[in-house]
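Student: I'd like to ask some things about the structure below.
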Amino acid sequence: MSDPLLSTENLDWQSRAREVADKYIRPVAWKYDRLQEYPWEVQARLKEYELFKVFVPVEYGGGSGSALNLCLVVEELARACGGIGVGFAVNALGSFPIMIGGTEEQKERWLPSIAAGDRLVAFGLSEKNAGSDAGGMACTAVQDGDDWVLNGEKKWNTNGLVAHINTIFAVTDANSRSRRISPFVVERPGSGETVGDIDGFRIGKIEDKMGIRAIPVVELEMENLRLSSDHLVGGRPGLGFKHAMMTLDKARPGVAAQAVGCAQGALDFALVYTTQRVQFGGPISSKQMVQKLLADGAQKVEAARQLVHAAARHIDAGSPKGNKFAAMAKCFATDIAMEVTTDAVQLFGGYGFMRDYPVEKFMRDAKITQIYEGTNQVQRLVIARNLIKEAAGLAHLKEYFPIPEDRR
Ligand code: CAA
């Protein structure tokens, strides 16, 4: 049933994504989960349905550029497969630094082929020793004449194996904290299934994962990787950390939407199963304890979805609350996704634990959403920092509990 709170444009993106999910993703989701291979046949459909245009503004060959539309698409894809949902969303994550900080020439150079679905994108921020402390990275970029020379490693690079464009953050001023890092675009030749090699850039370990197995997560190794200066995003160094944070603000509602998709996908299966499965002479959906799990799951998913939409609307409006709402949506939606997918496994009983049945995959796919694009511990830190700032606006309330001077 369509959501009356959404516009015709919102509903168009949502229904196209739902069609791709129903026709082309769900039928192959468990195959790619087992194979742990990139689903190129699905990629071709995402391109055919022009879904990559959703996160790119119209002036750069896209079709929307709206965070809300992106969330609607990602939820539908993840409802069929959490892995394919993030494999799509990470293209937006890797493109946002170009949209946020790139020069006009850089936007015109890279964004149209991304919007067309010809070139895939990855995002290289984390390192082995710089996860939550993103600013503490060690990968360096040193200026040499007109070029920059990159050395170091990146970790947890989603899509890295198949990406033609990788936005890599590196230290350009080791003596500064807030102006320490800068983003670079590393291009590999080719398009579609062809991804060529370049000197100085190597794919390292390919991770063997609990969930999101359709999508490769890899280590990247850079050894004297030489880039001409037009690959430095924005043309001047030092704004990388701020732009990485702004990128994450824009992208986190997308992770939250992925989590809502996983939760809804598991709940859909649980609803159908519990109305079919007969115990004690009737369908288990007639039992109150089963109804409680279904009803609680439905409430959690809907509350998370509405928070995701609110966060996306704040991001689209450029609202100062975008940072807090993005963190709240990411944290809340991914936590409830873990609860709802685990309860779905419970509702399937012993069958739920088996790989022949569909729900355990949703639980495995959901787990990483609590971790990547900032752990939920980091999200709570971001939320709390915002709340503490907002406390200044509530200072008048201290009249109700005067704290004696000697106890301040
Ligand atoms: N927008 C704009 N500027 C921001 C900002 C934001 N949202 N957040 C911080 N900044 C600015 C601050 O104003 C400050 O600027 P000044 O120095 O000029 O005052 C500067 O950035 C430093 O800010 P903080 O002091 O808050 O930085 P911090 O070191 O305390 O870090 C943090 C804060 C929230 C913990 C941050 O490091 C963070 O978000 N960490 C998590 C990183 C993360 O999400 N990694 C995941 C990578 S992607 C991935 O998972 C892989 C994948 O492929 C999917």
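Labels used: A, B, ... for chains in the order of the structure tokens, numbers from 1 for residues in each chain, and numbers from 1 for ligands as shown.
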Please return as an MDAnalysis selection string the residues found within 6 Å of ligand 1, counting only C-alpha atoms and all ligand atoms.
Tutor: chainID A and resid 123 125:126 131:135 156:158 178 241:242 245:246 249 323 372:374 378 382
Student: Taking 4 positions as the minimum chain separation for residues in the same chain, which residues sit within 10 Å of Ser66 (chain A) when counting only C-alpha atoms? Answer as a ChimeraX atom specification.
Tutor: /A:10,54-57,70-71,250,312-313,315-317
Student: With N, CA and C atoms kept, could you save the residues just selected as a PDB file, in the first residue's frame?
Tutor:
ATOM      1  N   ASN A  10       8.648  10.584  -4.839  1.00  0.00           N
ATOM      2  CA  ASN A  10       9.136   9.590  -3.856  1.00  0.00           C
ATOM      3  C   ASN A  10       8.611   8.198  -4.209  1.00  0.00           C
ATOM      4  N   VAL A  54      19.483   8.135  -8.367  1.00  0.00           N
ATOM      5  CA  VAL A  54      18.727   8.662  -7.222  1.00  0.00           C
ATOM      6  C   VAL A  54      19.576   9.537  -6.302  1.00  0.00           C
ATOM      7  N   PHE A  55      20.877   9.235  -6.178  1.00  0.00           N
ATOM      8  CA  PHE A  55      21.677  10.021  -5.234  1.00  0.00           C
ATOM      9  C   PHE A  55      22.505  11.111  -5.912  1.00  0.00           C
ATOM     10  N   VAL A  56      22.364  11.262  -7.227  1.00  0.00           N
ATOM     11  CA  VAL A  56      23.140  12.279  -7.949  1.00  0.00           C
ATOM     12  C   VAL A  56      22.202  13.405  -8.403  1.00  0.00           C
ATOM     13  N   PRO A  57      22.583  14.666  -8.146  1.00  0.00           N
ATOM     14  CA  PRO A  57      21.719  15.767  -8.592  1.00  0.00           C
ATOM     15  C   PRO A  57      21.561  15.800 -10.120  1.00  0.00           C
ATOM     16  N   LEU A  70      16.828   8.351  -1.779  1.00  0.00           N
ATOM     17  CA  LEU A  70      17.857   7.314  -1.627  1.00  0.00           C
ATOM     18  C   LEU A  70      17.422   6.290  -0.567  1.00  0.00           C
ATOM     19  N   CYS A  71      16.912   6.781   0.556  1.00  0.00           N
ATOM     20  CA  CYS A  71      16.480   5.874   1.632  1.00  0.00           C
ATOM     21  C   CYS A  71      15.339   4.962   1.173  1.00  0.00           C
ATOM     22  N   LYS A 250      25.223  12.507   5.625  1.00  0.00           N
ATOM     23  CA  LYS A 250      24.329  12.287   4.478  1.00  0.00           C
ATOM     24  C   LYS A 250      24.061  10.801   4.249  1.00  0.00           C
ATOM     25  N   ALA A 312      16.275  11.916   6.846  1.00  0.00           N
ATOM     26  CA  ALA A 312      16.537  12.225   5.430  1.00  0.00           C
ATOM     27  C   ALA A 312      15.984  13.609   5.083  1.00  0.00           C
ATOM     28  N   ARG A 313      14.824  13.939   5.637  1.00  0.00           N
ATOM     29  CA  ARG A 313      14.235  15.262   5.355  1.00  0.00           C
ATOM     30  C   ARG A 313      15.111  16.371   5.952  1.00  0.00           C
ATOM     31  N   ILE A 315      18.346  16.197   6.342  1.00  0.00           N
ATOM     32  CA  ILE A 315      19.533  16.273   5.471  1.00  0.00           C
ATOM     33  C   ILE A 315      19.169  17.040   4.196  1.00  0.00           C
ATOM     34  N   ASP A 316      18.034  16.708   3.603  1.00  0.00           N
ATOM     35  CA  ASP A 316      17.629  17.377   2.353  1.00  0.00           C
ATOM     36  C   ASP A 316      17.384  18.873   2.557  1.00  0.00           C
ATOM     37  N   ALA A 317      16.930  19.235   3.752  1.00  0.00           N
ATOM     38  CA  ALA A 317      16.648  20.650   4.030  1.00  0.00           C
ATOM     39  C   ALA A 317      17.902  21.403   4.462  1.00  0.00           C
TER      40      ALA A 317
END
Student: Running DSSP on the backbone, which parts of region 153-224 of chain A land in strand (DSSP E), as a ChimeraX atom specification?
Tutor: /A:153-158,165-171,181-187,201-206,217-224
Student: Keeping only C-alpha atoms, write those residues as a compact mmCIF listing (two decimals), in the first residue's frame.
Tutor:
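The file below, part.txt, is the result:
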# COMPACT_ATOMS: atom_id res chain seq x y z
CA GLU A 153 46.45 0.76 3.70
CA LYS A 154 42.68 0.98 3.99
CA LYS A 155 40.43 -1.49 5.79
CA TRP A 156 36.71 -2.44 5.53
CA ASN A 157 36.45 -1.11 2.00
CA THR A 158 32.95 -2.13 0.89
CA ILE A 165 36.28 4.98 -8.34
CA ASN A 166 37.51 4.90 -4.77
CA THR A 167 37.40 8.00 -2.58
CA ILE A 168 40.47 7.60 -0.39
CA PHE A 169 41.24 9.79 2.62
CA ALA A 170 44.91 10.36 3.46
CA VAL A 171 46.99 12.50 5.80
CA ILE A 181 43.41 14.77 6.06
CA SER A 182 42.21 15.16 2.47
CA PRO A 183 40.14 13.05 0.07
CA PHE A 184 41.53 11.80 -3.25
CA VAL A 185 39.79 10.05 -6.11
CA VAL A 186 41.57 6.91 -7.21
CA GLU A 187 40.33 5.74 -10.61
CA PHE A 201 47.18 0.27 -5.96
CA ARG A 202 46.45 -3.31 -4.92
CA ILE A 203 43.50 -5.20 -3.49
CA GLY A 204 44.70 -6.97 -0.34
CA LYS A 205 42.69 -9.36 1.83
CA ILE A 206 39.16 -10.16 0.68
CA VAL A 217 34.69 -6.00 1.59
CA VAL A 218 38.44 -5.74 1.08
CA GLU A 219 41.69 -4.22 2.24
CA LEU A 220 43.43 -1.78 -0.10
CA GLU A 221 47.17 -1.32 -0.31
CA MET A 222 48.79 1.77 -1.76
CA GLU A 223 52.50 1.88 -2.45
CA ASN A 224 53.82 5.03 -4.12
Student: Name the residues in contact with Leu225 (chain A) at a cut-off of 8 Å, using only C-alpha atoms, excluding same-chain residues fewer than 6 positions from it; report them as a JSON list (two decimals) with all heavy atoms, in the first residue's frame.
Tutor:
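Writing done, so here's part_4.json:
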[["chain", "number", "residue", "atom", "x", "y", "z"],
["A", 149, "VAL", "N", 51.61, 11.65, -3.89],
["A", 149, "VAL", "CA", 52.03, 10.24, -3.82],
["A", 149, "VAL", "C", 51.45, 9.64, -2.54],
["A", 149, "VAL", "O", 51.72, 10.11, -1.43],
["A", 149, "VAL", "CB", 53.57, 10.13, -3.84],
["A", 149, "VAL", "CG1", 53.99, 8.66, -3.77],
["A", 149, "VAL", "CG2", 54.13, 10.79, -5.10],
["A", 150, "LEU", "N", 50.62, 8.59, -2.72],
["A", 150, "LEU", "CA", 49.91, 7.98, -1.59],
["A", 150, "LEU", "C", 50.58, 6.68, -1.15],
["A", 150, "LEU", "O", 50.95, 5.85, -2.00],
["A", 150, "LEU", "CB", 48.45, 7.69, -1.96],
["A", 150, "LEU", "CG", 47.45, 8.83, -1.77],
["A", 150, "LEU", "CD1", 47.74, 9.98, -2.73],
["A", 150, "LEU", "CD2", 46.02, 8.34, -1.94],
["A", 151, "ASN", "N", 50.71, 6.53, 0.16],
["A", 151, "ASN", "CA", 51.24, 5.30, 0.74],
["A", 151, "ASN", "C", 50.41, 4.92, 1.96],
["A", 151, "ASN", "O", 50.09, 5.79, 2.78],
["A", 151, "ASN", "CB", 52.70, 5.48, 1.17],
["A", 151, "ASN", "CG", 53.64, 5.32, -0.01],
["A", 151, "ASN", "OD1", 53.86, 4.22, -0.50],
["A", 151, "ASN", "ND2", 54.18, 6.45, -0.47],
["A", 199, "ASP", "N", 49.17, 1.06, -11.36],
["A", 199, "ASP", "CA", 50.40, 0.91, -10.58],
["A", 199, "ASP", "C", 50.22, 1.53, -9.20],
["A", 199, "ASP", "O", 49.66, 2.62, -9.06],
["A", 199, "ASP", "CB", 51.57, 1.65, -11.27],
["A", 199, "ASP", "CG", 52.05, 0.87, -12.48],
["A", 199, "ASP", "OD1", 51.70, -0.31, -12.61],
["A", 199, "ASP", "OD2", 52.76, 1.49, -13.31],
["A", 200, "GLY", "N", 50.71, 0.83, -8.18],
["A", 200, "GLY", "CA", 50.72, 1.40, -6.83],
["A", 200, "GLY", "C", 49.45, 1.17, -6.05],
["A", 200, "GLY", "O", 49.33, 1.62, -4.90],
["A", 201, "PHE", "N", 48.47, 0.47, -6.63],
["A", 201, "PHE", "CA", 47.18, 0.27, -5.96],
["A", 201, "PHE", "C", 46.81, -1.20, -6.07],
["A", 201, "PHE", "O", 46.69, -1.73, -7.18],
["A", 201, "PHE", "CB", 46.12, 1.13, -6.65],
["A", 201, "PHE", "CG", 44.76, 1.12, -6.00],
["A", 201, "PHE", "CD1", 44.49, 1.94, -4.93],
["A", 201, "PHE", "CD2", 43.76, 0.28, -6.48],
["A", 201, "PHE", "CE1", 43.23, 1.94, -4.34],
["A", 201, "PHE", "CE2", 42.50, 0.28, -5.90],
["A", 201, "PHE", "CZ", 42.24, 1.12, -4.82]]
Student: List as a ChimeraX atom specification the protein and nucleic acid residues near Glu19 (chain A), meaning an atom at most 10 Å away when only C-alpha atoms are counted, but skip any in the same chain fewer than 6 places from it.
Tutor: /A:25,49,76-77
Student: Generate the output file for the selected residues, N, CA and C atoms, as a compact mmCIF listing (two decimals), in the first residue's frame.
Tutor:
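Done, and the output landed in again_30.txt:
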# COMPACT_ATOMS: atom_id res chain seq x y z
N ILE A 25 16.08 -9.41 -7.37
CA ILE A 25 17.00 -9.57 -6.23
C ILE A 25 16.61 -10.76 -5.36
N TYR A 49 17.11 0.19 -14.57
CA TYR A 49 16.03 0.93 -13.93
C TYR A 49 16.47 2.34 -13.47
N GLU A 76 13.92 -0.70 -0.04
CA GLU A 76 13.31 -1.73 -0.89
C GLU A 76 14.33 -2.80 -1.29
N LEU A 77 15.54 -2.36 -1.64
CA LEU A 77 16.56 -3.33 -2.07
C LEU A 77 16.93 -4.24 -0.89
Student: Using only C-alpha atoms, what does the table of region 277-311 of chain A residues within 7 Å of region 324-336 of chain A look like, with each row giving the shortest atom pair and its distance in Å to one decimal, sorted by chain and ascending number, as JSON lines?
Tutor:
{"residue": "A:Lys300", "atom": "CA", "partner": "A:Ile336", "partner_atom": "CA", "distance": 6.3}
{"residue": "A:Ala304", "atom": "CA", "partner": "A:Ala333", "partner_atom": "CA", "distance": 4.9}
{"residue": "A:Leu307", "atom": "CA", "partner": "A:Ala329", "partner_atom": "CA", "distance": 5.5}
{"residue": "A:Val308", "atom": "CA", "partner": "A:Ala329", "partner_atom": "CA", "distance": 5.1}
{"residue": "A:Ala311", "atom": "CA", "partner": "A:Phe325", "partner_atom": "CA", "distance": 4.8}
Student: Could you write out the selected residues, including all heavy atoms, as a compact mmCIF listing (two decimals), in the first residue's frame?
Tutor:
# COMPACT_ATOMS: atom_id res chain seq x y z
N LYS A 300 8.19 -1.50 15.89
CA LYS A 300 9.60 -1.08 15.84
C LYS A 300 10.00 -0.68 14.42
O LYS A 300 10.66 0.33 14.21
CB LYS A 300 10.51 -2.22 16.33
CG LYS A 300 10.42 -2.47 17.82
CD LYS A 300 11.23 -3.72 18.19
CE LYS A 300 11.00 -4.10 19.65
NZ LYS A 300 11.61 -5.40 19.99
N ALA A 304 11.10 3.07 13.29
CA ALA A 304 12.41 3.28 12.69
C ALA A 304 12.27 3.93 11.32
O ALA A 304 12.99 4.87 10.97
CB ALA A 304 13.15 1.95 12.57
N LEU A 307 11.57 7.58 11.59
CA LEU A 307 12.76 8.33 12.02
C LEU A 307 13.76 8.46 10.86
O LEU A 307 14.39 9.51 10.68
CB LEU A 307 13.41 7.62 13.23
CG LEU A 307 14.57 8.33 13.92
CD1 LEU A 307 14.22 9.75 14.34
CD2 LEU A 307 15.04 7.53 15.14
N VAL A 308 13.87 7.41 10.05
CA VAL A 308 14.75 7.48 8.87
C VAL A 308 14.25 8.57 7.92
O VAL A 308 15.03 9.40 7.43
CB VAL A 308 14.79 6.11 8.13
CG1 VAL A 308 15.53 6.25 6.80
CG2 VAL A 308 15.46 5.05 9.00
N ALA A 311 15.06 11.94 9.37
CA ALA A 311 16.50 12.25 9.24
C ALA A 311 16.81 12.67 7.80
O ALA A 311 17.51 13.66 7.56
CB ALA A 311 17.34 11.04 9.63
Student: Measuring atom to atom with only C-alpha atoms, identify which of A:Pro112, A:Pro283, A:Pro189, A:Pro97 is nearest to His243 (chain A).
Tutor: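 Of all the options, A:Pro97 lies closest to His243 (chain A).
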Student: Please identify all polymer residues within 8 Å of Asp343 (chain A), counting only C-alpha atoms, omitting same-chain residues fewer than 3 positions from it, and present them as number ranges by chain.
Tutor: A: 293, 297, 339-340, 346-347
Student: Could you write out that same residue set with C-alpha atoms as a PDB file, in the first residue's frame?
Tutor:
ATOM      1  CA  LEU A 293       6.394 -10.662  18.674  1.00  0.00           C
ATOM      2  CA  GLY A 297       8.193  -6.067  15.386  1.00  0.00           C
ATOM      3  CA  GLU A 339      15.929  -7.308  17.480  1.00  0.00           C
ATOM      4  CA  VAL A 340      13.314  -7.834  14.775  1.00  0.00           C
ATOM      5  CA  GLN A 346      12.586 -17.255  16.863  1.00  0.00           C
ATOM      6  CA  LEU A 347       9.169 -17.293  15.177  1.00  0.00           C
TER       7      LEU A 347
END
Student: From a DSSP pass on the backbone, collect the residues of region 55-118 of chain A flagged as helix (DSSP H, G or I) and hand them back as an mmCIF file with N, CA and C atoms, in the first residue's frame.
Tutor:
data_model
loop_
_atom_site.group_PDB
_atom_site.id
_atom_site.type_symbol
_atom_site.label_atom_id
_atom_site.label_comp_id
_atom_site.auth_asym_id
_atom_site.auth_seq_id
_atom_site.Cartn_x
_atom_site.Cartn_y
_atom_site.Cartn_z
ATOM 1 N N PHE A 55 20.877 9.235 -6.178
ATOM 2 C CA PHE A 55 21.677 10.021 -5.234
ATOM 3 C C PHE A 55 22.505 11.111 -5.912
ATOM 4 N N VAL A 58 20.420 16.344 -10.545
ATOM 5 C CA VAL A 58 20.071 16.367 -11.968
ATOM 6 C C VAL A 58 21.169 17.028 -12.803
ATOM 7 N N GLU A 59 21.766 18.120 -12.283
ATOM 8 C CA GLU A 59 22.757 18.860 -13.088
ATOM 9 C C GLU A 59 24.025 18.061 -13.387
ATOM 10 N N TYR A 60 24.214 16.928 -12.704
ATOM 11 C CA TYR A 60 25.387 16.079 -12.987
ATOM 12 C C TYR A 60 24.955 14.717 -13.531
ATOM 13 N N ALA A 67 18.188 12.678 -0.198
ATOM 14 C CA ALA A 67 18.465 11.619 0.780
ATOM 15 C C ALA A 67 17.208 10.780 1.020
ATOM 16 N N LEU A 68 16.036 11.425 0.993
ATOM 17 C CA LEU A 68 14.792 10.668 1.228
ATOM 18 C C LEU A 68 14.580 9.645 0.108
ATOM 19 N N ASN A 69 14.744 10.078 -1.142
ATOM 20 C CA ASN A 69 14.567 9.132 -2.244
ATOM 21 C C ASN A 69 15.591 7.997 -2.157
ATOM 22 N N LEU A 70 16.828 8.351 -1.779
ATOM 23 C CA LEU A 70 17.857 7.314 -1.627
ATOM 24 C C LEU A 70 17.422 6.290 -0.567
ATOM 25 N N CYS A 71 16.912 6.781 0.556
ATOM 26 C CA CYS A 71 16.480 5.874 1.632
ATOM 27 C C CYS A 71 15.339 4.962 1.173
ATOM 28 N N LEU A 72 14.420 5.530 0.391
ATOM 29 C CA LEU A 72 13.297 4.721 -0.078
ATOM 30 C C LEU A 72 13.787 3.585 -0.970
ATOM 31 N N VAL A 73 14.768 3.914 -1.834
ATOM 32 C CA VAL A 73 15.318 2.887 -2.733
ATOM 33 C C VAL A 73 16.075 1.829 -1.930
ATOM 34 N N VAL A 74 16.924 2.279 -1.011
ATOM 35 C CA VAL A 74 17.760 1.335 -0.257
ATOM 36 C C VAL A 74 16.891 0.404 0.593
ATOM 37 N N GLU A 75 15.837 0.953 1.207
ATOM 38 C CA GLU A 75 14.974 0.073 2.017
ATOM 39 C C GLU A 75 14.398 -1.058 1.165
ATOM 40 N N GLU A 76 13.920 -0.698 -0.036
ATOM 41 C CA GLU A 76 13.313 -1.733 -0.890
ATOM 42 C C GLU A 76 14.330 -2.796 -1.287
ATOM 43 N N LEU A 77 15.543 -2.360 -1.639
ATOM 44 C CA LEU A 77 16.563 -3.334 -2.067
ATOM 45 C C LEU A 77 16.935 -4.242 -0.891
ATOM 46 N N ALA A 78 17.103 -3.637 0.300
ATOM 47 C CA ALA A 78 17.525 -4.409 1.471
ATOM 48 C C ALA A 78 16.413 -5.321 1.979
ATOM 49 N N ARG A 79 15.179 -4.988 1.664
ATOM 50 C CA ARG A 79 14.054 -5.848 2.059
ATOM 51 C C ARG A 79 14.183 -7.212 1.364
ATOM 52 N N ALA A 80 14.836 -7.192 0.184
ATOM 53 C CA ALA A 80 15.077 -8.456 -0.532
ATOM 54 C C ALA A 80 16.451 -9.031 -0.198
ATOM 55 N N GLY A 82 19.975 -7.631 2.229
ATOM 56 C CA GLY A 82 20.725 -6.576 2.921
ATOM 57 C C GLY A 82 22.060 -6.298 2.251
ATOM 58 N N GLY A 83 22.695 -7.336 1.740
ATOM 59 C CA GLY A 83 24.002 -7.174 1.092
ATOM 60 C C GLY A 83 23.884 -6.315 -0.162
ATOM 61 N N ILE A 84 22.900 -6.642 -0.980
ATOM 62 C CA ILE A 84 22.732 -5.880 -2.228
ATOM 63 C C ILE A 84 22.294 -4.447 -1.892
ATOM 64 N N GLY A 85 21.544 -4.297 -0.814
ATOM 65 C CA GLY A 85 21.165 -2.944 -0.366
ATOM 66 C C GLY A 85 22.379 -2.087 -0.080
ATOM 67 N N VAL A 86 23.354 -2.634 0.670
ATOM 68 C CA VAL A 86 24.538 -1.817 0.987
ATOM 69 C C VAL A 86 25.451 -1.704 -0.231
ATOM 70 N N GLY A 87 25.488 -2.749 -1.052
ATOM 71 C CA GLY A 87 26.319 -2.691 -2.267
ATOM 72 C C GLY A 87 25.890 -1.537 -3.155
ATOM 73 N N PHE A 88 24.599 -1.223 -3.113
ATOM 74 C CA PHE A 88 24.086 -0.071 -3.863
ATOM 75 C C PHE A 88 24.377 1.236 -3.102
ATOM 76 N N ALA A 89 24.026 1.262 -1.814
ATOM 77 C CA ALA A 89 24.125 2.502 -1.027
ATOM 78 C C ALA A 89 25.552 3.011 -0.917
ATOM 79 N N VAL A 90 26.522 2.105 -0.945
ATOM 80 C CA VAL A 90 27.905 2.530 -0.764
ATOM 81 C C VAL A 90 28.398 3.372 -1.960
ATOM 82 N N ASN A 91 27.720 3.252 -3.091
ATOM 83 C CA ASN A 91 28.050 4.124 -4.227
ATOM 84 C C ASN A 91 27.740 5.583 -3.888
ATOM 85 N N ALA A 92 26.668 5.772 -3.129
ATOM 86 C CA ALA A 92 26.338 7.130 -2.680
ATOM 87 C C ALA A 92 27.377 7.607 -1.675
ATOM 88 N N LEU A 93 27.708 6.744 -0.708
ATOM 89 C CA LEU A 93 28.707 7.105 0.311
ATOM 90 C C LEU A 93 30.021 7.546 -0.345
ATOM 91 N N GLY A 94 30.474 6.794 -1.332
ATOM 92 C CA GLY A 94 31.746 7.125 -1.996
ATOM 93 C C GLY A 94 31.654 8.358 -2.880
ATOM 94 N N SER A 95 30.440 8.689 -3.334
ATOM 95 C CA SER A 95 30.263 9.857 -4.218
ATOM 96 C C SER A 95 30.058 11.148 -3.435
ATOM 97 N N PHE A 96 29.546 11.044 -2.201
ATOM 98 C CA PHE A 96 29.224 12.264 -1.449
ATOM 99 C C PHE A 96 30.432 13.186 -1.255
ATOM 100 N N PRO A 97 31.664 12.664 -0.983
ATOM 101 C CA PRO A 97 32.780 13.608 -0.832
ATOM 102 C C PRO A 97 32.991 14.464 -2.099
ATOM 103 N N ILE A 98 32.716 13.888 -3.267
ATOM 104 C CA ILE A 98 32.862 14.651 -4.519
ATOM 105 C C ILE A 98 31.767 15.713 -4.589
ATOM 106 N N MET A 99 30.550 15.330 -4.206
ATOM 107 C CA MET A 99 29.434 16.293 -4.248
ATOM 108 C C MET A 99 29.625 17.395 -3.218
ATOM 109 N N ILE A 100 30.151 17.023 -2.046
ATOM 110 C CA ILE A 100 30.287 18.006 -0.964
ATOM 111 C C ILE A 100 31.472 18.931 -1.197
ATOM 112 N N GLY A 101 32.608 18.354 -1.616
ATOM 113 C CA GLY A 101 33.821 19.175 -1.663
ATOM 114 C C GLY A 101 34.455 19.327 -3.023
ATOM 115 N N GLU A 104 33.722 22.163 -9.527
ATOM 116 C CA GLU A 104 32.717 21.993 -10.585
ATOM 117 C C GLU A 104 33.228 21.003 -11.645
ATOM 118 N N GLU A 105 34.500 21.176 -12.007
ATOM 119 C CA GLU A 105 35.104 20.316 -13.035
ATOM 120 C C GLU A 105 35.135 18.845 -12.579
ATOM 121 N N GLN A 106 35.439 18.635 -11.290
ATOM 122 C CA GLN A 106 35.487 17.256 -10.774
ATOM 123 C C GLN A 106 34.092 16.627 -10.748
ATOM 124 N N LYS A 107 33.099 17.422 -10.375
ATOM 125 C CA LYS A 107 31.728 16.889 -10.350
ATOM 126 C C LYS A 107 31.303 16.481 -11.760
ATOM 127 N N GLU A 108 31.633 17.367 -12.730
ATOM 128 C CA GLU A 108 31.230 17.069 -14.110
ATOM 129 C C GLU A 108 32.008 15.885 -14.672
ATOM 130 N N ARG A 109 33.212 15.695 -14.158
ATOM 131 C CA ARG A 109 34.061 14.615 -14.672
ATOM 132 C C ARG A 109 33.618 13.240 -14.146
ATOM 133 N N TRP A 110 33.266 13.149 -12.858
ATOM 134 C CA TRP A 110 33.025 11.821 -12.270
ATOM 135 C C TRP A 110 31.557 11.460 -12.079
ATOM 136 N N LEU A 111 30.719 12.442 -11.753
ATOM 137 C CA LEU A 111 29.363 12.070 -11.324
ATOM 138 C C LEU A 111 28.474 11.478 -12.433
ATOM 139 N N PRO A 112 28.553 11.985 -13.702
ATOM 140 C CA PRO A 112 27.634 11.418 -14.705
ATOM 141 C C PRO A 112 27.807 9.911 -14.936
ATOM 142 N N SER A 113 29.055 9.417 -14.940
ATOM 143 C CA SER A 113 29.228 7.967 -15.184
ATOM 144 C C SER A 113 28.783 7.149 -13.965
ATOM 145 N N ILE A 114 28.851 7.768 -12.767
ATOM 146 C CA ILE A 114 28.343 7.088 -11.564
ATOM 147 C C ILE A 114 26.818 7.025 -11.642
ATOM 148 N N ALA A 115 26.216 8.163 -12.007
ATOM 149 C CA ALA A 115 24.745 8.221 -12.103
ATOM 150 C C ALA A 115 24.217 7.241 -13.143
#
Student: Figure out the distance between CA of Gly350 (chain A) and CA of Gly281 (chain A), please, to one decimal in Å.
Tutor: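 Between CA of Gly281 (chain A) and CA of Gly350 (chain A) the gap works out to 19.0 Å.
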Student: For Glu37 (chain A), work out the shell of residues within 7 Å, counting only C-alpha atoms and skipping chain neighbours fewer than 3 positions away, then give it as a PyMOL selection string.
Tutor: chain A and resi 32+214-215
